[in-house]
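Report on one structure; see the data block that follows.
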Amino acid sequence: VRVALYHNILNDEITLAVMMVYPTIELNIYKWNGLKWQSLGHAIVVTRPQVNRYHMHLTLARNRVAFGGPGDMMAESNKPGAVFVYEYNATRREWTPMMAGSEETAKMIQGGMKEDGFADTMAFSGNQVALSKTSEDGIVSVCIYRQ
C-alpha cells in the first residue's frame with residue numbers, strides 16, 4: 001500500500017490517494033469534505049503495469065496523480081520502468097490519462113531499463129512532473145515532463 005496526501009492551504013482542500021499494488025495497480029482518490037472522505041471518481045486500475053511492485057512510487061497534486069517505478073526485476077526480459085499520469089475531470093467525475101498510448105502501454109511515460117532506478121522519486125509542479133533516474137554508475141538525474 002502506498003499513500004499520498006495533498007493539502008491546498010489557500011482553500012483548505014485535502015486530497016488523499018491510496019494505492020494498492022498486486023499484480024495489478026488499483027488507485028483510489030478521496031477528498032475531505034469536512035466530515036468524511038468522499039471518493040473522487042472510480043478507481044484507476046492498471047492491469048498489466050510491468051513495473052516492480054516492490055518499488056512503486058506515488059505523488060499527488062490538486063487534480064493530478066502520478067504513480068509508477070522501475071521495471072519489473074522478476075520478469076525474464078529487461079522491461080523499462082513506467083509512470084502513469086492522470087488528471088481529474090470534475091465535470092465527468094473521472095480520472096483521465098494525460099499521456100497518449102494504447103491500452104497495452106496504459107498511457108505511461110516510459111523509463112530506461114529495469115536497473116536504472118527510473119522514477120524512484122517524483123513530484124508535480126503545475127503542468128510538469130519531475131522524475132528521478134539513477135544510472136548504472138550511480139549518477140542521479142531528473143527528467144521533467146510537461147503536459
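Residues are referred to by chain and number: the chain letter is A, B, ... according to the order shown in the C-alpha cells, the number counts from 1 in that chain, and ligands are numbered separately from 1 in the order shown.
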**OP:** Apply DSSP to the backbone of this structure and, from chain A, keep only the residues in helix (DSSP H, G or I); write these as JSON, numbers by chain.
**Re:** {"A": [53, 54, 55, 114, 115, 116]}
Subject >> Residues flagged strand (DSSP E) by DSSP in chain A, as a PyMOL selection string >> reply: chain A and resi 2-8+13-21+25-32+37-39+44-46+57-60+64-69+82-89+94-97+108-110+122-125+128-134+140-146
Deliver the residues from the most recent selection as a file, using C-alpha atoms, as an mmCIF file, in the first residue's frame.
data_model
loop_
_atom_site.group_PDB
_atom_site.id
_atom_site.type_symbol
_atom_site.label_atom_id
_atom_site.label_comp_id
_atom_site.auth_asym_id
_atom_site.auth_seq_id
_atom_site.Cartn_x
_atom_site.Cartn_y
_atom_site.Cartn_z
ATOM 1 C CA ARG A 2 1.210 3.500 -0.859
ATOM 2 C CA VAL A 3 -0.447 6.756 0.179
ATOM 3 C CA ALA A 4 -0.055 10.405 -0.792
ATOM 4 C CA LEU A 5 -1.676 13.492 0.697
ATOM 5 C CA TYR A 6 -2.184 16.912 -0.906
ATOM 6 C CA HIS A 7 -3.250 19.931 1.171
ATOM 7 C CA ASN A 8 -4.060 23.243 -0.519
ATOM 8 C CA GLU A 13 -8.669 21.439 0.332
ATOM 9 C CA ILE A 14 -7.320 17.997 1.315
ATOM 10 C CA THR A 15 -6.953 15.114 -1.155
ATOM 11 C CA LEU A 16 -5.785 11.583 -0.336
ATOM 12 C CA ALA A 17 -4.579 8.879 -2.732
ATOM 13 C CA VAL A 18 -4.414 5.218 -1.666
ATOM 14 C CA MET A 19 -2.678 2.783 -3.998
ATOM 15 C CA MET A 20 -2.865 -0.996 -3.660
ATOM 16 C CA VAL A 21 -0.262 -2.916 -5.633
ATOM 17 C CA ILE A 25 -2.397 -1.469 -9.589
ATOM 18 C CA GLU A 26 -5.568 -0.046 -8.054
ATOM 19 C CA LEU A 27 -5.603 3.601 -7.043
ATOM 20 C CA ASN A 28 -8.455 5.284 -5.170
ATOM 21 C CA ILE A 29 -8.515 9.028 -4.576
ATOM 22 C CA TYR A 30 -10.585 10.819 -1.951
ATOM 23 C CA LYS A 31 -11.361 14.401 -0.992
ATOM 24 C CA TRP A 32 -12.123 15.543 2.574
ATOM 25 C CA TRP A 37 -13.667 11.254 2.838
ATOM 26 C CA GLN A 38 -15.562 11.346 -0.483
ATOM 27 C CA SER A 39 -14.427 9.290 -3.457
ATOM 28 C CA ILE A 44 -7.777 3.903 -11.544
ATOM 29 C CA VAL A 45 -6.821 0.327 -12.439
ATOM 30 C CA VAL A 46 -3.772 -0.703 -14.459
ATOM 31 C CA HIS A 57 6.056 5.474 -6.001
ATOM 32 C CA LEU A 58 3.147 7.891 -5.892
ATOM 33 C CA THR A 59 2.698 11.664 -5.985
ATOM 34 C CA LEU A 60 -0.440 13.774 -5.872
ATOM 35 C CA ARG A 64 -3.369 15.163 -10.899
ATOM 36 C CA VAL A 65 -1.781 11.928 -9.790
ATOM 37 C CA ALA A 66 1.355 10.123 -10.978
ATOM 38 C CA PHE A 67 2.473 6.640 -9.983
ATOM 39 C CA GLY A 68 4.945 4.051 -11.185
ATOM 40 C CA GLY A 69 8.534 2.967 -10.811
ATOM 41 C CA ALA A 82 6.917 3.357 -16.322
ATOM 42 C CA VAL A 83 4.990 6.240 -14.774
ATOM 43 C CA PHE A 84 1.251 6.688 -15.258
ATOM 44 C CA VAL A 85 -0.147 10.240 -15.101
ATOM 45 C CA TYR A 86 -3.857 11.007 -14.693
ATOM 46 C CA GLU A 87 -5.896 14.197 -14.350
ATOM 47 C CA TYR A 88 -9.284 14.528 -12.666
ATOM 48 C CA ASN A 89 -12.133 15.800 -14.838
ATOM 49 C CA GLU A 94 -13.433 10.626 -13.720
ATOM 50 C CA TRP A 95 -9.668 10.321 -13.912
ATOM 51 C CA THR A 96 -8.328 10.509 -17.469
ATOM 52 C CA PRO A 97 -4.809 9.640 -18.668
ATOM 53 C CA MET A 108 2.562 5.892 -19.492
ATOM 54 C CA ILE A 109 5.865 7.704 -19.519
ATOM 55 C CA GLN A 110 8.399 5.026 -20.416
ATOM 56 C CA MET A 122 8.620 12.076 -8.361
ATOM 57 C CA ALA A 123 6.889 15.408 -7.808
ATOM 58 C CA PHE A 124 4.418 17.758 -9.522
ATOM 59 C CA SER A 125 4.800 21.454 -10.205
ATOM 60 C CA GLN A 128 5.044 19.336 -15.044
ATOM 61 C CA VAL A 129 6.078 16.128 -13.336
ATOM 62 C CA ALA A 130 9.701 15.586 -12.306
ATOM 63 C CA LEU A 131 11.050 12.012 -12.140
ATOM 64 C CA SER A 132 14.429 10.879 -10.836
ATOM 65 C CA LYS A 133 16.558 8.332 -12.639
ATOM 66 C CA THR A 134 19.720 6.598 -11.420
ATOM 67 C CA VAL A 140 21.221 10.589 -10.433
ATOM 68 C CA SER A 141 19.409 12.766 -12.951
ATOM 69 C CA VAL A 142 15.986 14.384 -13.022
ATOM 70 C CA CYS A 143 13.708 14.247 -16.057
ATOM 71 C CA ILE A 144 10.954 16.847 -16.335
ATOM 72 C CA TYR A 145 7.871 16.055 -18.420
ATOM 73 C CA ARG A 146 5.323 18.687 -19.421
#
With a distance cut-off of 6 Å and only C-alpha atoms, select the neighbouring residues of Pro70 (chain A), excluding the residue or stretch itself and same-chain residues fewer than 5 positions from it, and output the selection as a short mmCIF file (atom, residue, chain, number, x, y, z; two decimals) with C-alpha atoms, in the first residue's frame.
data_model
loop_
_atom_site.label_atom_id
_atom_site.label_comp_id
_atom_site.auth_asym_id
_atom_site.auth_seq_id
_atom_site.Cartn_x
_atom_site.Cartn_y
_atom_site.Cartn_z
CA VAL A 51 6.78 -2.34 -13.08
CA ASN A 52 8.46 -3.59 -9.93
CA GLY A 81 10.06 1.32 -15.87
CA LYS A 114 14.88 -2.00 -15.22
CA GLY A 117 16.07 3.29 -10.89
CA PHE A 118 13.55 5.13 -13.04
#
Subject >> Pairwise distance for CA of Thr91 (chain A) and CA of Arg62 (chain A), rounded to one decimal in Å >> reply: 15.3 Å
Subject >> Between CA of Ile9 (chain A) and CA of Asp120 (chain A), distance in Å (one decimal) >> reply: 27.1 Å
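Here CA of Met56 (chain A) and CA of Lys36 (chain A) stand 27.5 Å from one another.
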Original post:
Of the candidates A:Pro23, A:Gly34, A:Pro49, A:Gly41, which shows the shortest atom-to-atom distance to Arg93 (chain A), using only C-alpha atoms?
Top reply: A:Gly41
